[in-house]
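The structure under discussion appears below in the form of structure tokens.
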Amino acid sequence: MTDAVSEALAAWRGHAARCVLLDGFHALKHALRFGAEVPVAVTADRAGALALADELAPDVRDALAGLLVPVDRDAYAALVPRPHPTAVAALAVRPAREEGLRRLAALPRTAPVVVLDQPRNLGNAGAVIRLAAGFGATGVCTTGTLDPWHPTVVRGGAGLHYATVVERLTTAELPPGPVFALDPGGEDIRGTVLPDDALLAFGSERGGLTPELRARADHLVALPMRPQVSSYNLATSVAMTLYHWSATSGGAPGGAVDGSGGSVGARLVPEAPAQGG
């Protein structure tokens, strides 16, 4: 084992307890693009990772070349819960909560805040954060017990936690702004203009809106849905709502695909209904 590898593994052990796992090339790429502090990064396929950077992310290629320490497959696999096909892993410092809360509370806002009211599915939470980043939302707030910085959520969000604010709050701690809550009994969203300072609230995948969030809501709105179709996936509902906001407010972000050539959407988890279904 070379000195560089020994130092990288020691650094990993030293930072693991307080840092966020970036699982895979694309998570590391996005985190670097949006200013994450990355104290250590390893790969079991350095040549492959840099070839991906040449093809998909030349803007961060030099940064990756300076960060990525080659390790063998066994050492890499011991650091992650599930090896990623790109054989890349890194640790990043989590943004300061105080700064996130300041950004959420700052008015006027130029884009809504997405609120997930007691979500249950880690993969869907990650997909929502990826969507929020793609649409330029101010942030994503979760209530309840789910940790929005859980490694599975970060993996589902492709490292785009660093492109928006992500915080867990109580309903009472939510930032200011009119709350537009998605609910099957609400008014058709197509007749509603969602303001830039809105909080767009979505109930849990199974239980819908909590009484606390429903009491906080200023407006209940519903997505159009064919009769006898019970619900949409949570990430689908968020995507439709953010698209409606962007189409009616003029707040749509530039470009339709991300820098890697991939869709701004994420893989959806089909088991999770939305609109309180």
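In the structure tokens, the first chain shown is A, the next is B, and so on; residue numbers restart at 1 for each chain, and ligands run from 1 in the order shown.
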Closest atom pairs, stretch 125-204 of chain A residues within 12 Å of stretch 88-105 of chain A, only C-alpha atoms, as a tab-separated table:
```
residue	atom	partner	partner_atom	distance
A:Ala137	CA	A:Leu104	CA	10.4
A:Thr138	CA	A:Leu104	CA	6.8
A:Gly139	CA	A:Leu104	CA	6.8
A:Val140	CA	A:Leu104	CA	9.1
A:Cys141	CA	A:Leu104	CA	9.1
A:Pro148	CA	A:Arg94	CA	11.6
A:Trp149	CA	A:Arg94	CA	8.6
A:His150	CA	A:Arg94	CA	11.4
A:Pro151	CA	A:Leu91	CA	10.8
A:Val154	CA	A:Ala92	CA	11.1
A:Arg155	CA	A:Ala89	CA	10.8
A:Gly159	CA	A:Ala92	CA	9.8
A:His161	CA	A:Arg94	CA	9.2
A:Tyr162	CA	A:Pro95	CA	7.8
A:Ala163	CA	A:Pro95	CA	10.8
A:Thr164	CA	A:Gly100	CA	8.9
A:Val165	CA	A:Gly100	CA	5.6
A:Val166	CA	A:Gly100	CA	7.3
A:Glu167	CA	A:Gly100	CA	7.2
A:Arg168	CA	A:Arg97	CA	9.7
A:Leu169	CA	A:Leu101	CA	9.7
A:Glu173	CA	A:Leu101	CA	9.6
A:Leu174	CA	A:Ala105	CA	8.6
A:Pro175	CA	A:Ala105	CA	5.2
A:Pro176	CA	A:Ala105	CA	6.4
A:Gly177	CA	A:Ala105	CA	9.0
A:Asp197	CA	A:Leu104	CA	10.1
A:Ala198	CA	A:Leu104	CA	11.3
A:Leu199	CA	A:Leu104	CA	10.3
```
May I have the residues within 12 Å of A:Thr145 as a compact mmCIF listing (two decimals) with N, CA, C and O atoms, in the first residue's frame, using only C-alpha atoms and disregarding those fewer than 6 positions away in the same chain?
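In the end it all went to around-v7.txt:
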```txt
# COMPACT_ATOMS: atom_id res chain seq x y z
N LEU A 116 -41.66 18.54 2.15
CA LEU A 116 -42.11 17.15 2.20
C LEU A 116 -42.56 16.87 3.63
O LEU A 116 -41.74 16.86 4.56
N ASP A 117 -43.86 16.67 3.81
CA ASP A 117 -44.45 16.54 5.12
C ASP A 117 -44.39 15.08 5.57
O ASP A 117 -45.14 14.23 5.09
N GLN A 118 -43.45 14.79 6.45
CA GLN A 118 -43.22 13.45 6.98
C GLN A 118 -43.09 12.39 5.88
O GLN A 118 -43.84 11.41 5.83
N PRO A 119 -42.13 12.57 4.98
CA PRO A 119 -41.90 11.56 3.94
C PRO A 119 -41.39 10.26 4.56
O PRO A 119 -40.84 10.26 5.67
N ARG A 120 -41.56 9.17 3.82
CA ARG A 120 -41.15 7.86 4.32
C ARG A 120 -40.09 7.19 3.44
O ARG A 120 -39.29 6.40 3.92
N ASN A 121 -40.09 7.50 2.16
CA ASN A 121 -39.26 6.76 1.21
C ASN A 121 -37.98 7.54 0.91
O ASN A 121 -38.03 8.65 0.39
N LEU A 122 -36.84 6.96 1.24
CA LEU A 122 -35.56 7.63 1.06
C LEU A 122 -35.27 7.93 -0.41
O LEU A 122 -34.78 9.02 -0.75
N GLU A 167 -32.95 20.91 4.48
CA GLU A 167 -33.00 20.93 5.95
C GLU A 167 -34.23 20.17 6.45
O GLU A 167 -35.26 20.13 5.78
N ARG A 168 -34.09 19.59 7.64
CA ARG A 168 -35.22 18.97 8.33
C ARG A 168 -35.71 19.95 9.40
O ARG A 168 -34.93 20.41 10.24
N LEU A 169 -37.02 20.25 9.39
CA LEU A 169 -37.61 21.23 10.29
C LEU A 169 -38.92 20.68 10.85
O LEU A 169 -39.51 19.76 10.28
N THR A 170 -39.40 21.28 11.91
CA THR A 170 -40.77 21.03 12.33
C THR A 170 -41.70 21.93 11.52
O THR A 170 -41.26 22.90 10.88
N SER A 204 -47.07 12.82 2.98
CA SER A 204 -46.27 11.61 2.92
C SER A 204 -46.82 10.66 1.86
O SER A 204 -47.97 10.76 1.44
```
Discussion item. My list of candidates is A:Glu55, A:Pro195, A:Gly203, A:Ala106. Which is closest to A:Thr142 when distances are computed with only C-alpha atoms?
Written reply: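 Among the listed residues, the smallest separation from A:Thr142 belongs to A:Gly203.
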Discussion item. Quick check, in Å to one decimal: how far apart do atom CA of A:Thr110 and atom CA of A:Thr192 lie?
Written reply: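 Calculated distance between atom CA of A:Thr110 and atom CA of A:Thr192 is 17.7 Å.
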Discussion item. Can you tell me which residues surround A:Ala44 at a distance of at most 10 Å, considering only C-alpha atoms, apart from same-chain residues fewer than 5 positions away, and format the answer as a list in words?
Written reply: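 With the cut-off at 10 Å, the set is Ala49, Leu68, Val69, Pro70, Val71, Asp72, Arg73, Asp74, Ala75, Tyr76, Ala77, Thr86, Ala87, Val88 and Ala89 of chain A.
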Write out, as a CSV table (one decimal), in the first residue's frame, the residues just selected, with all heavy atoms.
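selection05.csv was written with the following content:
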```csv
chain,number,residue,atom,x,y,z
A,49,ALA,N,-12.8,6.9,-14.3
A,49,ALA,CA,-13.5,8.1,-13.7
A,49,ALA,C,-13.0,9.4,-14.5
A,49,ALA,O,-13.8,10.3,-14.8
A,49,ALA,CB,-13.1,8.3,-12.2
A,68,LEU,N,-8.9,12.5,-6.7
A,68,LEU,CA,-9.2,11.0,-6.7
A,68,LEU,C,-7.9,10.2,-6.4
A,68,LEU,O,-6.9,10.3,-7.1
A,68,LEU,CB,-9.7,10.6,-8.0
A,68,LEU,CG,-11.2,11.0,-8.3
A,68,LEU,CD1,-11.6,10.7,-9.7
A,68,LEU,CD2,-12.1,10.2,-7.3
A,69,VAL,N,-7.9,9.4,-5.4
A,69,VAL,CA,-6.8,8.6,-5.0
A,69,VAL,C,-7.2,7.1,-5.4
A,69,VAL,O,-8.2,6.6,-5.0
A,69,VAL,CB,-6.5,8.6,-3.5
A,69,VAL,CG1,-5.4,7.7,-3.1
A,69,VAL,CG2,-6.2,10.0,-3.1
A,70,PRO,N,-6.3,6.5,-6.2
A,70,PRO,CA,-6.6,5.1,-6.6
A,70,PRO,C,-6.4,4.1,-5.5
A,70,PRO,O,-5.4,4.2,-4.8
A,70,PRO,CB,-5.7,4.9,-7.8
A,70,PRO,CG,-4.5,5.8,-7.5
A,70,PRO,CD,-5.1,7.0,-6.8
A,71,VAL,N,-7.4,3.3,-5.3
A,71,VAL,CA,-7.3,2.2,-4.3
A,71,VAL,C,-7.8,0.9,-4.9
A,71,VAL,O,-8.4,0.9,-6.0
A,71,VAL,CB,-8.2,2.5,-3.0
A,71,VAL,CG1,-7.8,3.8,-2.3
A,71,VAL,CG2,-9.7,2.6,-3.4
A,72,ASP,N,-7.5,-0.2,-4.3
A,72,ASP,CA,-7.9,-1.5,-4.9
A,72,ASP,C,-9.4,-1.7,-4.7
A,72,ASP,O,-10.0,-1.0,-3.8
A,72,ASP,CB,-7.1,-2.6,-4.5
A,72,ASP,CG,-7.2,-2.9,-3.0
A,72,ASP,OD1,-8.3,-2.8,-2.4
A,72,ASP,OD2,-6.1,-3.2,-2.3
A,73,ARG,N,-10.0,-2.6,-5.4
A,73,ARG,CA,-11.4,-2.9,-5.3
A,73,ARG,C,-11.9,-3.3,-3.9
A,73,ARG,O,-12.9,-2.8,-3.4
A,73,ARG,CB,-11.8,-4.0,-6.3
A,73,ARG,CG,-11.7,-3.6,-7.7
A,73,ARG,CD,-12.9,-2.9,-8.2
A,73,ARG,NE,-12.8,-2.4,-9.6
A,73,ARG,CZ,-13.8,-1.8,-10.3
A,73,ARG,NH1,-14.9,-1.6,-9.7
A,73,ARG,NH2,-13.6,-1.4,-11.5
A,74,ASP,N,-11.1,-4.0,-3.2
A,74,ASP,CA,-11.5,-4.4,-1.8
A,74,ASP,C,-11.5,-3.3,-0.9
A,74,ASP,O,-12.4,-3.1,-0.1
A,74,ASP,CB,-10.5,-5.5,-1.3
A,74,ASP,CG,-10.7,-6.9,-2.0
A,74,ASP,OD1,-11.8,-7.1,-2.6
A,74,ASP,OD2,-9.8,-7.7,-2.0
A,75,ALA,N,-10.5,-2.4,-1.0
A,75,ALA,CA,-10.5,-1.2,-0.1
A,75,ALA,C,-11.6,-0.3,-0.4
A,75,ALA,O,-12.3,0.2,0.5
A,75,ALA,CB,-9.1,-0.5,-0.3
A,76,TYR,N,-11.9,-0.1,-1.7
A,76,TYR,CA,-13.1,0.7,-2.1
A,76,TYR,C,-14.4,0.1,-1.5
A,76,TYR,O,-15.2,0.8,-0.9
A,76,TYR,CB,-13.1,0.9,-3.6
A,76,TYR,CG,-14.5,1.3,-4.1
A,76,TYR,CD1,-14.9,2.6,-3.9
A,76,TYR,CD2,-15.3,0.4,-4.8
A,76,TYR,CE1,-16.2,3.0,-4.3
A,76,TYR,CE2,-16.6,0.8,-5.2
A,76,TYR,CZ,-17.0,2.1,-5.0
A,76,TYR,OH,-18.3,2.5,-5.4
A,77,ALA,N,-14.6,-1.1,-1.8
A,77,ALA,CA,-15.8,-1.8,-1.3
A,77,ALA,C,-16.0,-1.7,0.2
A,77,ALA,O,-17.2,-1.7,0.7
A,77,ALA,CB,-15.9,-3.2,-1.8
A,86,THR,N,-19.5,3.2,-11.0
A,86,THR,CA,-18.3,4.0,-11.4
A,86,THR,C,-17.2,3.8,-10.5
A,86,THR,O,-16.1,4.4,-10.7
A,86,THR,CB,-18.7,5.5,-11.4
A,86,THR,OG1,-19.2,5.9,-10.1
A,86,THR,CG2,-19.8,5.8,-12.5
A,87,ALA,N,-17.3,3.1,-9.4
A,87,ALA,CA,-16.3,2.8,-8.4
A,87,ALA,C,-15.6,4.1,-7.9
A,87,ALA,O,-14.4,4.2,-7.7
A,87,ALA,CB,-15.2,1.9,-9.1
A,88,VAL,N,-16.4,5.1,-7.6
A,88,VAL,CA,-16.0,6.4,-7.1
A,88,VAL,C,-16.7,6.6,-5.8
A,88,VAL,O,-17.9,6.4,-5.7
A,88,VAL,CB,-16.2,7.5,-8.0
A,88,VAL,CG1,-16.0,8.9,-7.4
A,88,VAL,CG2,-15.3,7.4,-9.3
A,89,ALA,N,-16.0,7.1,-4.8
A,89,ALA,CA,-16.7,7.5,-3.5
A,89,ALA,C,-15.9,8.7,-2.9
A,89,ALA,O,-14.7,8.8,-3.1
A,89,ALA,CB,-16.7,6.3,-2.5
```
Fill in: For atom CA of A:Ser249 and atom CA of A:Pro178, the interatomic separation in Å (one decimal)
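According to the coordinates, atom CA of A:Ser249 and atom CA of A:Pro178 are separated by 15.4 Å.
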Hey, what's within 12 Å of A:Ala4 if we count only C-alpha atoms and toss same-chain stuff fewer than 3 positions away? As a PDB file with N, CA, C and O atoms, in the first residue's frame, please?
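Wrote it out as part18.pdb, contents follow:
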```pdb
ATOM      1  N   MET A   1       0.844  -1.190   0.000  1.00  0.00           N
ATOM      2  CA  MET A   1       0.000   0.000   0.000  1.00  0.00           C
ATOM      3  C   MET A   1       0.884   1.245   0.000  1.00  0.00           C
ATOM      4  O   MET A   1       1.782   1.378   0.826  1.00  0.00           O
ATOM      5  N   GLU A   7      -2.684   7.392   3.447  1.00  0.00           N
ATOM      6  CA  GLU A   7      -3.148   8.700   3.910  1.00  0.00           C
ATOM      7  C   GLU A   7      -4.616   8.915   3.566  1.00  0.00           C
ATOM      8  O   GLU A   7      -5.379   9.469   4.367  1.00  0.00           O
ATOM      9  N   ALA A   8      -5.034   8.476   2.364  1.00  0.00           N
ATOM     10  CA  ALA A   8      -6.429   8.646   1.959  1.00  0.00           C
ATOM     11  C   ALA A   8      -7.357   7.825   2.841  1.00  0.00           C
ATOM     12  O   ALA A   8      -8.413   8.306   3.268  1.00  0.00           O
ATOM     13  N   LEU A   9      -6.984   6.598   3.137  1.00  0.00           N
ATOM     14  CA  LEU A   9      -7.829   5.748   3.978  1.00  0.00           C
ATOM     15  C   LEU A   9      -7.878   6.275   5.407  1.00  0.00           C
ATOM     16  O   LEU A   9      -8.921   6.224   6.066  1.00  0.00           O
ATOM     17  N   ALA A  10      -6.762   6.794   5.892  1.00  0.00           N
ATOM     18  CA  ALA A  10      -6.752   7.392   7.227  1.00  0.00           C
ATOM     19  C   ALA A  10      -7.633   8.642   7.256  1.00  0.00           C
ATOM     20  O   ALA A  10      -8.374   8.878   8.222  1.00  0.00           O
ATOM     21  N   ALA A  11      -7.555   9.448   6.202  1.00  0.00           N
ATOM     22  CA  ALA A  11      -8.398  10.641   6.116  1.00  0.00           C
ATOM     23  C   ALA A  11      -9.868  10.252   6.065  1.00  0.00           C
ATOM     24  O   ALA A  11     -10.720  10.912   6.681  1.00  0.00           O
ATOM     25  N   VAL A  40     -11.731  14.149   0.968  1.00  0.00           N
ATOM     26  CA  VAL A  40     -11.122  12.904   0.503  1.00  0.00           C
ATOM     27  C   VAL A  40     -12.032  12.260  -0.548  1.00  0.00           C
ATOM     28  O   VAL A  40     -13.259  12.279  -0.427  1.00  0.00           O
ATOM     29  N   ALA A  41     -11.406  11.707  -1.587  1.00  0.00           N
ATOM     30  CA  ALA A  41     -12.132  10.989  -2.641  1.00  0.00           C
ATOM     31  C   ALA A  41     -11.257   9.844  -3.128  1.00  0.00           C
ATOM     32  O   ALA A  41     -10.045  10.001  -3.288  1.00  0.00           O
ATOM     33  N   VAL A  42     -11.885   8.689  -3.338  1.00  0.00           N
ATOM     34  CA  VAL A  42     -11.141   7.510  -3.783  1.00  0.00           C
ATOM     35  C   VAL A  42     -11.855   6.879  -4.968  1.00  0.00           C
ATOM     36  O   VAL A  42     -13.039   7.118  -5.202  1.00  0.00           O
ATOM     37  N   LEU A  67      -8.144  15.223  -6.757  1.00  0.00           N
ATOM     38  CA  LEU A  67      -8.752  14.624  -5.575  1.00  0.00           C
ATOM     39  C   LEU A  67      -8.676  13.104  -5.541  1.00  0.00           C
ATOM     40  O   LEU A  67      -8.436  12.506  -4.485  1.00  0.00           O
ATOM     41  N   LEU A  68      -8.931  12.455  -6.678  1.00  0.00           N
ATOM     42  CA  LEU A  68      -9.155  11.018  -6.691  1.00  0.00           C
ATOM     43  C   LEU A  68      -7.872  10.225  -6.409  1.00  0.00           C
ATOM     44  O   LEU A  68      -6.890  10.316  -7.147  1.00  0.00           O
ATOM     45  N   VAL A  69      -7.919   9.446  -5.350  1.00  0.00           N
ATOM     46  CA  VAL A  69      -6.800   8.572  -4.992  1.00  0.00           C
ATOM     47  C   VAL A  69      -7.155   7.149  -5.401  1.00  0.00           C
ATOM     48  O   VAL A  69      -8.206   6.630  -5.008  1.00  0.00           O
ATOM     49  N   PRO A  70      -6.326   6.496  -6.213  1.00  0.00           N
ATOM     50  CA  PRO A  70      -6.644   5.118  -6.620  1.00  0.00           C
ATOM     51  C   PRO A  70      -6.435   4.139  -5.474  1.00  0.00           C
ATOM     52  O   PRO A  70      -5.419   4.178  -4.778  1.00  0.00           O
ATOM     53  N   VAL A  71      -7.432   3.277  -5.257  1.00  0.00           N
ATOM     54  CA  VAL A  71      -7.344   2.209  -4.259  1.00  0.00           C
ATOM     55  C   VAL A  71      -7.781   0.914  -4.939  1.00  0.00           C
ATOM     56  O   VAL A  71      -8.411   0.938  -6.004  1.00  0.00           O
TER      57      VAL A  71
END
```
Practice prompt. Give me, please, the distance in Å between atom CA of A:Val193 and atom CA of A:Thr241, quoted to one decimal.
Written response: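 So the answer is 10.7 Å.
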Worksheet item: Of the candidates A:Ala172, A:Ala17, A:Val60, A:Ala235, which shows the shortest atom-to-atom distance to A:Ala132, using only C-alpha atoms?
Response: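 Nearest to A:Ala132: A:Ala235.
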Worksheet entry | Which of stretch 2-235 of chain A fall in strand (DSSP E or B), as a PyMOL selection string | chain A and resi 19-23+40-43+68-70+88-93+113-116+139-142+165-168+179-188+199-202+204+208+219-222+233
Worksheet entry | Surrounding residues of A:Pro58 excluding itself and chain neighbours under 3 positions, 12 Å, only C-alpha atoms, as JSON, numbers by chain | {"A": [29, 32, 33, 49, 50, 51, 52, 53, 54, 55, 61, 62, 63, 64, 65, 259, 260]}
Export N, CA, C and O atoms of the chosen residues as a compact mmCIF listing (two decimals), in the first residue's frame?
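Result file follows (again-v7.txt):
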```
# COMPACT_ATOMS: atom_id res chain seq x y z
N LYS A 29 -19.32 14.72 -8.91
CA LYS A 29 -19.31 15.76 -9.94
C LYS A 29 -20.22 16.92 -9.56
O LYS A 29 -19.82 18.10 -9.60
N LEU A 32 -19.00 18.97 -6.46
CA LEU A 32 -17.92 19.89 -6.81
C LEU A 32 -18.43 21.09 -7.59
O LEU A 32 -17.99 22.23 -7.35
N ARG A 33 -19.34 20.86 -8.50
CA ARG A 33 -19.88 21.99 -9.29
C ARG A 33 -20.54 23.04 -8.41
O ARG A 33 -20.52 24.23 -8.73
N ALA A 49 -12.84 6.94 -14.28
CA ALA A 49 -13.46 8.14 -13.73
C ALA A 49 -13.03 9.39 -14.49
O ALA A 49 -13.85 10.27 -14.80
N LEU A 50 -11.76 9.48 -14.81
CA LEU A 50 -11.28 10.66 -15.54
C LEU A 50 -11.76 10.65 -16.98
O LEU A 50 -11.99 11.71 -17.57
N ALA A 51 -11.95 9.45 -17.55
CA ALA A 51 -12.54 9.39 -18.89
C ALA A 51 -13.98 9.89 -18.87
O ALA A 51 -14.42 10.60 -19.79
N LEU A 52 -14.73 9.54 -17.82
CA LEU A 52 -16.09 10.08 -17.66
C LEU A 52 -16.05 11.60 -17.53
O LEU A 52 -16.88 12.30 -18.11
N ALA A 53 -15.09 12.10 -16.78
CA ALA A 53 -14.97 13.55 -16.63
C ALA A 53 -14.66 14.22 -17.96
O ALA A 53 -15.23 15.27 -18.29
N ASP A 54 -13.77 13.63 -18.73
CA ASP A 54 -13.46 14.19 -20.05
C ASP A 54 -14.71 14.27 -20.92
O ASP A 54 -14.93 15.24 -21.64
N GLU A 55 -15.57 13.24 -20.82
CA GLU A 55 -16.75 13.17 -21.68
C GLU A 55 -17.91 13.99 -21.15
O GLU A 55 -18.60 14.68 -21.92
N ARG A 61 -12.94 18.38 -14.33
CA ARG A 61 -11.95 17.33 -14.58
C ARG A 61 -10.67 17.56 -13.80
O ARG A 61 -10.13 16.62 -13.18
N ASP A 62 -10.18 18.77 -13.77
CA ASP A 62 -8.93 19.04 -13.06
C ASP A 62 -9.11 18.84 -11.55
O ASP A 62 -8.22 18.31 -10.88
N ALA A 63 -10.25 19.26 -11.04
CA ALA A 63 -10.51 19.06 -9.61
C ALA A 63 -10.56 17.58 -9.27
O ALA A 63 -10.00 17.15 -8.25
N LEU A 64 -11.19 16.79 -10.12
CA LEU A 64 -11.27 15.35 -9.89
C LEU A 64 -9.88 14.71 -9.97
O LEU A 64 -9.54 13.85 -9.15
N ALA A 65 -9.08 15.15 -10.94
CA ALA A 65 -7.74 14.59 -11.08
C ALA A 65 -6.91 14.85 -9.83
O ALA A 65 -6.09 14.01 -9.43
N GLY A 259 -25.47 18.91 -17.14
CA GLY A 259 -24.21 18.95 -17.84
C GLY A 259 -23.68 17.61 -18.25
O GLY A 259 -22.75 17.53 -19.06
N SER A 260 -24.23 16.53 -17.71
CA SER A 260 -23.74 15.20 -18.09
C SER A 260 -24.51 14.63 -19.27
O SER A 260 -24.25 13.54 -19.71
```
Fill in: Counting only C-alpha atoms, the option among A:Leu200, A:Asp59, A:Asp45, A:Ala36 closest to A:Cys19
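The shortest atom-to-atom distance to A:Cys19 comes from A:Ala36.
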Worksheet item: When distances are computed from only C-alpha atoms, which of A:Val128, A:Leu213, A:Leu146, A:Val20 shows the smallest separation from A:Pro39?
Response: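 Ranked by minimum distance to A:Pro39, first place goes to A:Val20.
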Fill in: Contacts of A:Arg214 within 10 Å, only C-alpha atoms, excl. fewer than 3 positions in-chain, as number ranges by chain
A: 117, 171, 179-183, 201, 203, 208-211, 217-220
Residues from last step as file, C-alpha atoms, as a PDB file, in the first residue's frame:
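So selection_38.pdb came out as:
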```
ATOM      1  CA  ASP A 117     -44.447  16.538   5.122  1.00  0.00           C
ATOM      2  CA  THR A 171     -43.939  22.483  10.836  1.00  0.00           C
ATOM      3  CA  VAL A 179     -48.303  27.488   1.827  1.00  0.00           C
ATOM      4  CA  PHE A 180     -49.802  25.771  -1.221  1.00  0.00           C
ATOM      5  CA  ALA A 181     -50.476  22.198  -0.130  1.00  0.00           C
ATOM      6  CA  LEU A 182     -51.206  19.415  -2.608  1.00  0.00           C
ATOM      7  CA  ASP A 183     -54.422  17.596  -1.766  1.00  0.00           C
ATOM      8  CA  ALA A 201     -46.174  21.175   0.487  1.00  0.00           C
ATOM      9  CA  GLY A 203     -47.980  14.873   2.124  1.00  0.00           C
ATOM     10  CA  GLY A 208     -51.056  12.462   3.152  1.00  0.00           C
ATOM     11  CA  LEU A 209     -50.779  15.828   4.868  1.00  0.00           C
ATOM     12  CA  THR A 210     -50.496  15.894   8.631  1.00  0.00           C
ATOM     13  CA  PRO A 211     -53.067  17.926  10.586  1.00  0.00           C
ATOM     14  CA  ALA A 217     -51.836  25.712   4.543  1.00  0.00           C
ATOM     15  CA  ASP A 218     -53.145  28.877   2.926  1.00  0.00           C
ATOM     16  CA  HIS A 219     -54.327  27.058  -0.210  1.00  0.00           C
ATOM     17  CA  LEU A 220     -55.131  23.447  -1.105  1.00  0.00           C
TER      18      LEU A 220
END
```
